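**Student:** Please find coords-v2.cif (mmCIF, C-alpha atoms and all ligand atoms) on the next line:
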data_data
loop_
_atom_site.label_atom_id
_atom_site.label_comp_id
_atom_site.auth_asym_id
_atom_site.auth_seq_id
_atom_site.Cartn_x
_atom_site.Cartn_y
_atom_site.Cartn_z
CA MET Y 1 -207.74 -144.20 -18.05
CA GLN Y 2 -206.56 -141.24 -20.12
CA ARG Y 3 -202.85 -140.72 -20.32
CA LEU Y 4 -201.62 -137.60 -18.50
CA ILE Y 5 -198.78 -135.45 -19.81
CA VAL Y 6 -197.71 -132.58 -17.54
CA ALA Y 7 -195.35 -129.76 -18.50
CA ASN Y 8 -193.35 -128.43 -15.56
CA TRP Y 9 -191.78 -125.21 -16.81
CA LYS Y 10 -190.12 -124.60 -13.42
CA MET Y 11 -188.73 -121.06 -12.98
CA HIS Y 12 -188.52 -120.24 -16.68
CA GLY Y 13 -190.10 -117.47 -18.66
CA THR Y 14 -191.80 -114.12 -18.28
CA GLN Y 15 -195.53 -113.69 -18.80
CA ALA Y 16 -194.98 -112.87 -22.46
CA GLU Y 17 -192.65 -115.82 -23.00
CA GLY Y 18 -195.07 -118.16 -21.25
CA ALA Y 19 -198.00 -116.93 -23.32
CA ALA Y 20 -196.00 -117.43 -26.52
CA LEU Y 21 -194.92 -120.95 -25.54
CA ALA Y 22 -198.46 -121.93 -24.54
CA ALA Y 23 -199.85 -120.53 -27.78
CA ARG Y 24 -197.37 -122.57 -29.82
CA VAL Y 25 -198.23 -125.74 -27.94
CA ALA Y 26 -201.98 -125.12 -28.22
CA THR Y 27 -201.82 -124.29 -31.94
CA ASN Y 28 -199.90 -127.47 -32.65
CA LEU Y 29 -202.21 -129.63 -30.54
CA ARG Y 30 -205.43 -128.44 -32.12
CA PRO Y 31 -207.75 -130.29 -31.99
CA ALA Y 32 -206.71 -131.56 -28.56
CA PRO Y 33 -205.32 -135.09 -29.00
CA PRO Y 34 -207.75 -137.83 -27.92
CA GLY Y 35 -206.90 -140.18 -25.09
CA VAL Y 36 -204.52 -137.80 -23.34
CA ASP Y 37 -204.90 -134.97 -20.83
CA VAL Y 38 -202.28 -132.28 -21.31
CA VAL Y 39 -201.52 -129.90 -18.41
CA LEU Y 40 -199.20 -126.89 -18.63
CA CYS Y 41 -197.70 -125.69 -15.33
CA PRO Y 42 -196.05 -122.29 -15.82
CA PRO Y 43 -194.65 -120.11 -13.04
CA PHE Y 44 -197.35 -118.37 -10.97
CA THR Y 45 -196.63 -115.06 -12.69
CA ALA Y 46 -197.52 -116.46 -16.12
CA LEU Y 47 -200.67 -118.35 -15.14
CA ASP Y 48 -203.08 -115.63 -16.20
CA ARG Y 49 -201.55 -115.08 -19.63
CA VAL Y 50 -201.14 -118.81 -20.22
CA ALA Y 51 -204.80 -119.34 -19.28
CA SER Y 52 -205.78 -116.87 -22.01
CA ALA Y 53 -203.50 -118.58 -24.51
CA LEU Y 54 -205.11 -121.95 -23.72
CA ALA Y 55 -208.73 -120.74 -23.95
CA ALA Y 56 -210.90 -123.23 -25.88
CA SER Y 57 -207.83 -125.42 -26.58
CA GLY Y 58 -208.86 -128.36 -24.41
CA LEU Y 59 -205.45 -128.19 -22.72
CA ARG Y 60 -205.38 -127.68 -18.97
CA LEU Y 61 -203.67 -125.26 -16.64
CA GLY Y 62 -201.74 -126.27 -13.53
CA ALA Y 63 -199.58 -124.60 -10.88
CA GLN Y 64 -196.19 -125.73 -9.60
CA ASP Y 65 -197.10 -125.38 -5.93
CA VAL Y 66 -199.86 -124.19 -3.59
CA PHE Y 67 -200.12 -123.21 0.07
CA TRP Y 68 -202.32 -125.18 2.48
CA GLU Y 69 -204.35 -122.27 3.88
CA ASP Y 70 -207.04 -120.41 1.96
CA ARG Y 71 -206.03 -116.90 3.05
CA GLY Y 72 -204.13 -115.02 5.73
CA ALA Y 73 -200.78 -113.66 6.79
CA PHE Y 74 -198.55 -116.00 4.77
CA THR Y 75 -196.19 -113.71 2.91
CA GLY Y 76 -195.25 -114.94 -0.51
CA GLU Y 77 -197.65 -117.87 -0.59
CA VAL Y 78 -200.44 -118.61 -3.08
CA ALA Y 79 -203.75 -120.08 -1.92
CA PRO Y 80 -205.87 -122.70 -3.68
CA PRO Y 81 -208.82 -120.35 -4.41
CA MET Y 82 -206.39 -118.01 -6.16
CA LEU Y 83 -205.43 -120.87 -8.46
CA THR Y 84 -208.98 -122.03 -9.18
CA ALA Y 85 -209.92 -118.41 -9.98
CA LEU Y 86 -207.21 -118.45 -12.65
CA GLY Y 87 -208.60 -121.63 -14.16
CA CYS Y 88 -206.11 -124.12 -12.72
CA THR Y 89 -207.26 -127.72 -12.49
CA HIS Y 90 -203.98 -129.33 -11.35
CA VAL Y 91 -201.14 -128.56 -8.94
CA ILE Y 92 -197.69 -130.14 -8.68
CA VAL Y 93 -197.12 -130.90 -4.98
CA GLY Y 94 -193.94 -132.00 -3.24
CA HIS Y 95 -191.53 -131.64 -6.14
CA SER Y 96 -188.04 -132.77 -5.11
CA GLU Y 97 -186.61 -129.32 -5.88
CA ARG Y 98 -188.98 -127.84 -3.28
CA ARG Y 99 -188.15 -130.63 -0.83
CA ALA Y 100 -184.40 -130.05 -1.37
CA HIS Y 101 -184.17 -126.26 -1.59
CA LEU Y 102 -187.22 -124.98 0.27
CA GLY Y 103 -187.60 -127.36 3.16
CA GLU Y 104 -190.81 -128.97 1.99
CA THR Y 105 -191.67 -131.89 4.30
CA ASP Y 106 -193.94 -134.90 4.00
CA ALA Y 107 -196.25 -133.29 6.56
CA GLY Y 108 -196.47 -130.08 4.56
CA VAL Y 109 -197.08 -132.05 1.39
CA ALA Y 110 -200.00 -133.85 3.04
CA ARG Y 111 -201.54 -130.51 4.07
CA LYS Y 112 -201.17 -129.23 0.53
CA LEU Y 113 -202.98 -132.28 -0.83
CA ASP Y 114 -205.86 -131.59 1.55
CA ALA Y 115 -205.94 -127.98 0.38
CA CYS Y 116 -206.14 -129.11 -3.25
CA TRP Y 117 -208.96 -131.51 -2.50
CA ARG Y 118 -210.95 -128.86 -0.59
CA HIS Y 119 -210.97 -126.81 -3.75
CA GLY Y 120 -211.42 -129.45 -6.42
CA LEU Y 121 -207.83 -129.28 -7.66
CA THR Y 122 -206.04 -132.46 -8.74
CA PRO Y 123 -202.66 -132.72 -6.99
CA ILE Y 124 -199.76 -134.30 -8.83
CA LEU Y 125 -197.82 -135.73 -5.91
CA CYS Y 126 -194.09 -136.04 -6.61
CA VAL Y 127 -192.05 -138.73 -4.90
CA GLY Y 128 -188.62 -140.18 -5.53
CA GLU Y 129 -185.37 -141.27 -3.97
CA THR Y 130 -182.06 -139.41 -4.06
CA ALA Y 131 -178.90 -140.91 -5.53
CA ALA Y 132 -177.61 -141.62 -2.01
CA GLU Y 133 -180.85 -143.39 -1.02
CA ARG Y 134 -180.70 -145.44 -4.20
CA ALA Y 135 -177.07 -146.40 -3.56
CA ALA Y 136 -178.01 -147.44 -0.03
CA GLY Y 137 -180.81 -149.69 -1.31
CA GLN Y 138 -183.50 -147.49 0.23
CA THR Y 139 -185.55 -146.72 -2.89
CA GLU Y 140 -188.53 -148.87 -1.99
CA ALA Y 141 -188.63 -147.68 1.62
CA ARG Y 142 -188.38 -144.04 0.55
CA LEU Y 143 -191.19 -144.30 -2.00
CA HIS Y 144 -193.35 -146.20 0.43
CA ALA Y 145 -192.78 -143.60 3.16
CA GLN Y 146 -193.47 -140.61 0.92
CA VAL Y 147 -196.70 -141.96 -0.53
CA ALA Y 148 -197.93 -143.31 2.80
CA ALA Y 149 -197.25 -139.99 4.56
CA ALA Y 150 -199.23 -138.16 1.90
CA LEU Y 151 -202.26 -140.46 2.08
CA GLU Y 152 -202.30 -141.36 5.78
CA GLY Y 153 -205.81 -140.86 7.14
CA ARG Y 154 -207.14 -139.59 3.80
CA LYS Y 155 -210.05 -141.53 2.36
CA CYS Y 156 -210.52 -141.99 -1.36
CA PRO Y 157 -211.98 -141.29 -3.86
CA LYS Y 158 -210.14 -138.04 -4.41
CA PRO Y 159 -208.56 -136.89 -7.66
CA LEU Y 160 -204.85 -137.68 -7.57
CA ALA Y 161 -201.86 -138.31 -9.79
CA VAL Y 162 -198.54 -139.56 -8.45
CA ALA Y 163 -195.28 -138.89 -10.28
CA TYR Y 164 -192.30 -141.12 -9.65
CA GLU Y 165 -189.36 -138.80 -10.09
CA PRO Y 166 -186.03 -140.32 -9.08
CA VAL Y 167 -184.11 -137.25 -7.92
CA TRP Y 168 -180.92 -138.44 -9.63
CA ALA Y 169 -182.73 -138.62 -12.98
CA ILE Y 170 -184.05 -135.05 -12.97
CA GLY Y 171 -182.58 -132.29 -15.07
CA GLY Y 172 -179.30 -133.88 -15.99
CA GLY Y 173 -180.32 -135.78 -19.05
CA ARG Y 174 -179.74 -139.08 -17.24
CA ALA Y 175 -183.17 -140.67 -17.35
CA ALA Y 176 -183.94 -143.78 -15.35
CA ALA Y 177 -184.13 -147.07 -17.19
CA PRO Y 178 -187.68 -148.14 -18.01
CA ALA Y 179 -187.14 -151.10 -15.67
CA ASP Y 180 -186.34 -148.68 -12.80
CA CYS Y 181 -189.51 -146.80 -13.66
CA ALA Y 182 -191.57 -150.00 -13.61
CA ALA Y 183 -190.07 -151.01 -10.26
CA GLY Y 184 -190.73 -147.62 -8.68
CA LEU Y 185 -194.27 -147.46 -9.98
CA ALA Y 186 -194.93 -150.98 -8.69
CA VAL Y 187 -194.00 -149.81 -5.19
CA ILE Y 188 -196.24 -146.75 -5.52
CA ARG Y 189 -199.16 -148.78 -6.86
CA GLY Y 190 -198.64 -151.23 -4.01
CA VAL Y 191 -199.04 -148.47 -1.42
CA LEU Y 192 -202.09 -147.15 -3.23
CA ALA Y 193 -203.61 -150.63 -3.25
CA GLU Y 194 -202.96 -150.95 0.51
CA MET Y 195 -204.26 -147.54 1.51
CA TRP Y 196 -206.81 -146.68 -1.18
CA ALA Y 197 -207.96 -150.13 -2.24
CA GLU Y 198 -211.26 -149.07 -3.83
CA CYS Y 199 -209.79 -146.38 -6.04
CA ALA Y 200 -206.12 -147.24 -6.55
CA ASP Y 201 -206.74 -147.93 -10.23
CA ASP Y 202 -208.06 -144.40 -10.75
CA VAL Y 203 -204.77 -142.78 -9.75
CA ALA Y 204 -202.60 -141.88 -12.74
CA CYS Y 205 -199.02 -142.93 -12.01
CA LEU Y 206 -196.50 -140.93 -14.01
CA TYR Y 207 -192.76 -141.01 -14.53
CA GLY Y 208 -190.61 -137.85 -14.57
CA GLY Y 209 -186.89 -137.31 -14.96
CA SER Y 210 -185.22 -136.34 -18.25
CA VAL Y 211 -188.22 -137.41 -20.34
CA ASN Y 212 -187.93 -136.34 -23.97
CA ALA Y 213 -189.55 -137.04 -27.33
CA GLU Y 214 -187.20 -139.98 -27.94
CA ASN Y 215 -187.53 -141.86 -24.65
CA CYS Y 216 -191.12 -141.11 -23.58
CA ARG Y 217 -192.73 -144.18 -25.12
CA ALA Y 218 -190.38 -146.56 -23.32
CA PHE Y 219 -191.68 -145.30 -19.97
CA TRP Y 220 -195.29 -145.92 -20.97
CA GLU Y 221 -194.69 -149.26 -22.69
CA GLU Y 222 -191.92 -150.93 -20.68
CA GLY Y 223 -192.07 -148.66 -17.63
CA ALA Y 224 -195.84 -149.06 -17.06
CA ALA Y 225 -196.30 -145.31 -16.60
CA ASP Y 226 -199.70 -143.72 -17.24
CA GLY Y 227 -198.02 -140.57 -18.50
CA SER Y 228 -195.11 -138.22 -18.02
CA LEU Y 229 -194.05 -135.21 -15.97
CA VAL Y 230 -191.80 -133.32 -18.34
CA GLY Y 231 -189.39 -130.59 -17.24
CA GLY Y 232 -186.68 -129.42 -19.62
CA ALA Y 233 -188.26 -130.87 -22.78
CA SER Y 234 -191.52 -129.04 -22.06
CA LEU Y 235 -189.76 -125.73 -22.79
CA ASP Y 236 -189.23 -126.89 -26.38
CA PRO Y 237 -192.67 -126.74 -28.00
CA ALA Y 238 -191.78 -129.18 -30.80
CA ALA Y 239 -190.51 -131.78 -28.34
CA PHE Y 240 -193.44 -131.35 -25.98
CA VAL Y 241 -196.02 -131.52 -28.76
CA SER Y 242 -194.35 -134.68 -30.05
CA ILE Y 243 -194.58 -136.29 -26.59
CA CYS Y 244 -198.29 -135.42 -26.38
CA ARG Y 245 -199.00 -136.76 -29.86
CA GLN Y 246 -197.17 -140.01 -29.16
CA ALA Y 247 -199.14 -140.41 -25.93
CA SER Y 248 -202.35 -139.93 -27.82
CA LEU Y 249 -201.59 -142.38 -30.62
CA GLU Y 250 -200.46 -144.99 -28.15
CA GLY Y 251 -203.42 -144.23 -25.95
CA ARG Y 252 -205.93 -145.51 -28.46
CA ALA Y 253 -205.03 -149.14 -28.03
CA TRP Y 254 -203.73 -148.82 -24.56
CA SER Y 255 -205.00 -150.10 -21.25
CA ARG Y 256 -203.24 -150.90 -18.06
P1 LIG M 1 -186.65 -132.87 -16.24
O1 LIG M 1 -187.55 -132.41 -15.00
O2 LIG M 1 -187.60 -133.41 -17.29
O3 LIG M 1 -185.97 -131.60 -16.69
O4 LIG M 1 -185.72 -133.90 -15.74
C1 LIG M 1 -188.65 -133.17 -14.57
C2 LIG M 1 -189.20 -132.61 -13.29
O5 LIG M 1 -188.41 -132.18 -12.44
O6 LIG M 1 -190.41 -132.57 -13.10
#
Hey, can you dump this file as structure tokens for me?
Ligand code: PGA

**Tutor:**
Amino acid sequence: MQRLIVANWKMHGTQAEGAALAARVATNLRPAPPGVDVVLCPPFTALDRVASALAASGLRLGAQDVFWEDRGAFTGEVAPPMLTALGCTHVIVGHSERRAHLGETDAGVARKLDACWRHGLTPILCVGETAAERAAGQTEARLHAQVAAALEGRKCPKPLAVAYEPVWAIGGGRAAAPADCAAGLAVIRGVLAEMWAECADDVACLYGGSVNAENCRAFWEEGAADGSLVGGASLDPAAFVSICRQASLEGRAWSR
């Protein structure tokens, strides 16, 4: 399996700023590093310009969300065919910030996965427990419930990545310990093995939450992650390029 490194720029940058950031990343990752898939997920408004900046780079384009219908009276939403027309191959689905601030539910997340699959997009399903759930010893149950709700009744093989993103580790610079990462990913892989037995090994399982150029390797080596979902550090081109290069070098001798 290739490693997968995903940049989640969140709500940062104009079109021009996004194009400049993408161009810097692409220039510094040319030729595209072997053994790793790199996906940039800018805000919707920058997708077009970032797509141009990535042309012929071998790097991929992703969106941060998608709606579950293909068209219609859904003010403010963006449909999967609109994303594929822009050149997107991946979509982040169910990010904890959307679950917390925008009322995203497990049921909605499942519909969004179906919408991705109808259009050949690879969803990056985000799951993770809050600090309160962790303190209450509910991490395993929460991860199990989120992954099971997303896959219930869906047959594999379908392209999928799952990102374990402990909510308490996001954004604040307080990354999880690699052992926490390994434990969370073991739960996720367990659900995949139960529900998608024939293709569980094809699902890239990532870690996200305060990943940077200094700690990324620990999550792949000790944390058993197949890659990273990178927020804040992906806005720093030098840091993000370093993460991608490290993933590639490690990737050569790496197997799960
Ligand atoms: P962070 O964000 O790297 O800034 O913690 C990760 C994410 O939310 O995907």

**Student:** Could you list, with a cut-off of 8 Å and counting all atoms listed in the file, the residues of chain Y near ligand LIG 1 (chain M), each shown with its nearest atom pair and the distance in Å rounded to one decimal, rows sorted by chain and ascending number, as JSON lines?

**Tutor:**
{"residue": "Y:Ala7", "atom": "CA", "partner": "M:LIG1", "partner_atom": "O6", "distance": 7.8}
{"residue": "Y:Asn8", "atom": "CA", "partner": "M:LIG1", "partner_atom": "O6", "distance": 5.6}
{"residue": "Y:Lys10", "atom": "CA", "partner": "M:LIG1", "partner_atom": "O5", "distance": 7.8}
{"residue": "Y:His95", "atom": "CA", "partner": "M:LIG1", "partner_atom": "O5", "distance": 7.1}
{"residue": "Y:Ser96", "atom": "CA", "partner": "M:LIG1", "partner_atom": "O5", "distance": 7.4}
{"residue": "Y:Glu97", "atom": "CA", "partner": "M:LIG1", "partner_atom": "O5", "distance": 7.4}
{"residue": "Y:Glu165", "atom": "CA", "partner": "M:LIG1", "partner_atom": "C2", "distance": 7.0}
{"residue": "Y:Ala169", "atom": "CA", "partner": "M:LIG1", "partner_atom": "O4", "distance": 6.2}
{"residue": "Y:Ile170", "atom": "CA", "partner": "M:LIG1", "partner_atom": "O4", "distance": 3.4}
{"residue": "Y:Gly171", "atom": "CA", "partner": "M:LIG1", "partner_atom": "O4", "distance": 3.6}
{"residue": "Y:Gly172", "atom": "CA", "partner": "M:LIG1", "partner_atom": "O4", "distance": 6.4}
{"residue": "Y:Gly173", "atom": "CA", "partner": "M:LIG1", "partner_atom": "O4", "distance": 6.6}
{"residue": "Y:Ala175", "atom": "CA", "partner": "M:LIG1", "partner_atom": "O4", "distance": 7.4}
{"residue": "Y:Gly208", "atom": "CA", "partner": "M:LIG1", "partner_atom": "C1", "distance": 5.1}
{"residue": "Y:Gly209", "atom": "CA", "partner": "M:LIG1", "partner_atom": "O4", "distance": 3.7}
{"residue": "Y:Ser210", "atom": "CA", "partner": "M:LIG1", "partner_atom": "O4", "distance": 3.5}
{"residue": "Y:Val211", "atom": "CA", "partner": "M:LIG1", "partner_atom": "O2", "distance": 5.1}
{"residue": "Y:Asn212", "atom": "CA", "partner": "M:LIG1", "partner_atom": "O2", "distance": 7.3}
{"residue": "Y:Leu229", "atom": "CA", "partner": "M:LIG1", "partner_atom": "O6", "distance": 5.3}
{"residue": "Y:Val230", "atom": "CA", "partner": "M:LIG1", "partner_atom": "O2", "distance": 4.3}
{"residue": "Y:Gly231", "atom": "CA", "partner": "M:LIG1", "partner_atom": "O2", "distance": 3.3}
{"residue": "Y:Gly232", "atom": "CA", "partner": "M:LIG1", "partner_atom": "O3", "distance": 3.7}
{"residue": "Y:Ala233", "atom": "CA", "partner": "M:LIG1", "partner_atom": "O2", "distance": 6.1}
{"residue": "Y:Ser234", "atom": "CA", "partner": "M:LIG1", "partner_atom": "O2", "distance": 7.6}

**Student:** Identify, on the basis of all atoms listed in the file, every residue whose closest approach to Ala110 (chain Y) does not exceed 12 Å; exclude the query and any residue fewer than 5 positions from it along the same chain; express the result as a PyMOL selection string.

**Tutor:** chain Y and resi 66-68+93-94+104-105+115-117+123-126+146-154

**Student:** Using the file's own x, y and z axes, what box holds all listed atoms of region 213-220 of chain Y with 4 Å on each side, keeping edges along x, y and z, and what are its centre and edge lengths in Å to one decimal, as AutoDock Vina command-line options?

**Tutor:**
--center_x -191.2 --center_y -141.8 --center_z -24.0 --size_x 16.1 --size_y 17.5 --size_z 16.0

**Student:** Which residues are close to Ala183 (chain Y), i.e. within 9 Å by only C-alpha atoms, leaving aside same-chain residues fewer than 5 positions away? Reply as a ChimeraX atom specification.

**Tutor:** /Y:140,178,188,223

**Student:** Have a look at Y:Met195, Y:Leu249, Y:Ala56, Y:Leu235 and name the one nearest to Glu17 (chain Y); count all atoms listed in the file.

**Tutor:** Y:Leu235

**Student:** When distances are computed from all atoms listed in the file, which of Y:Ala131, Y:Leu102, Y:Gly58, Y:Pro42 shows the smallest separation from Arg30 (chain Y)?

**Tutor:**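 Nearest candidate to Arg30 (chain Y) out of Y:Ala131, Y:Leu102, Y:Gly58, Y:Pro42: Y:Gly58.
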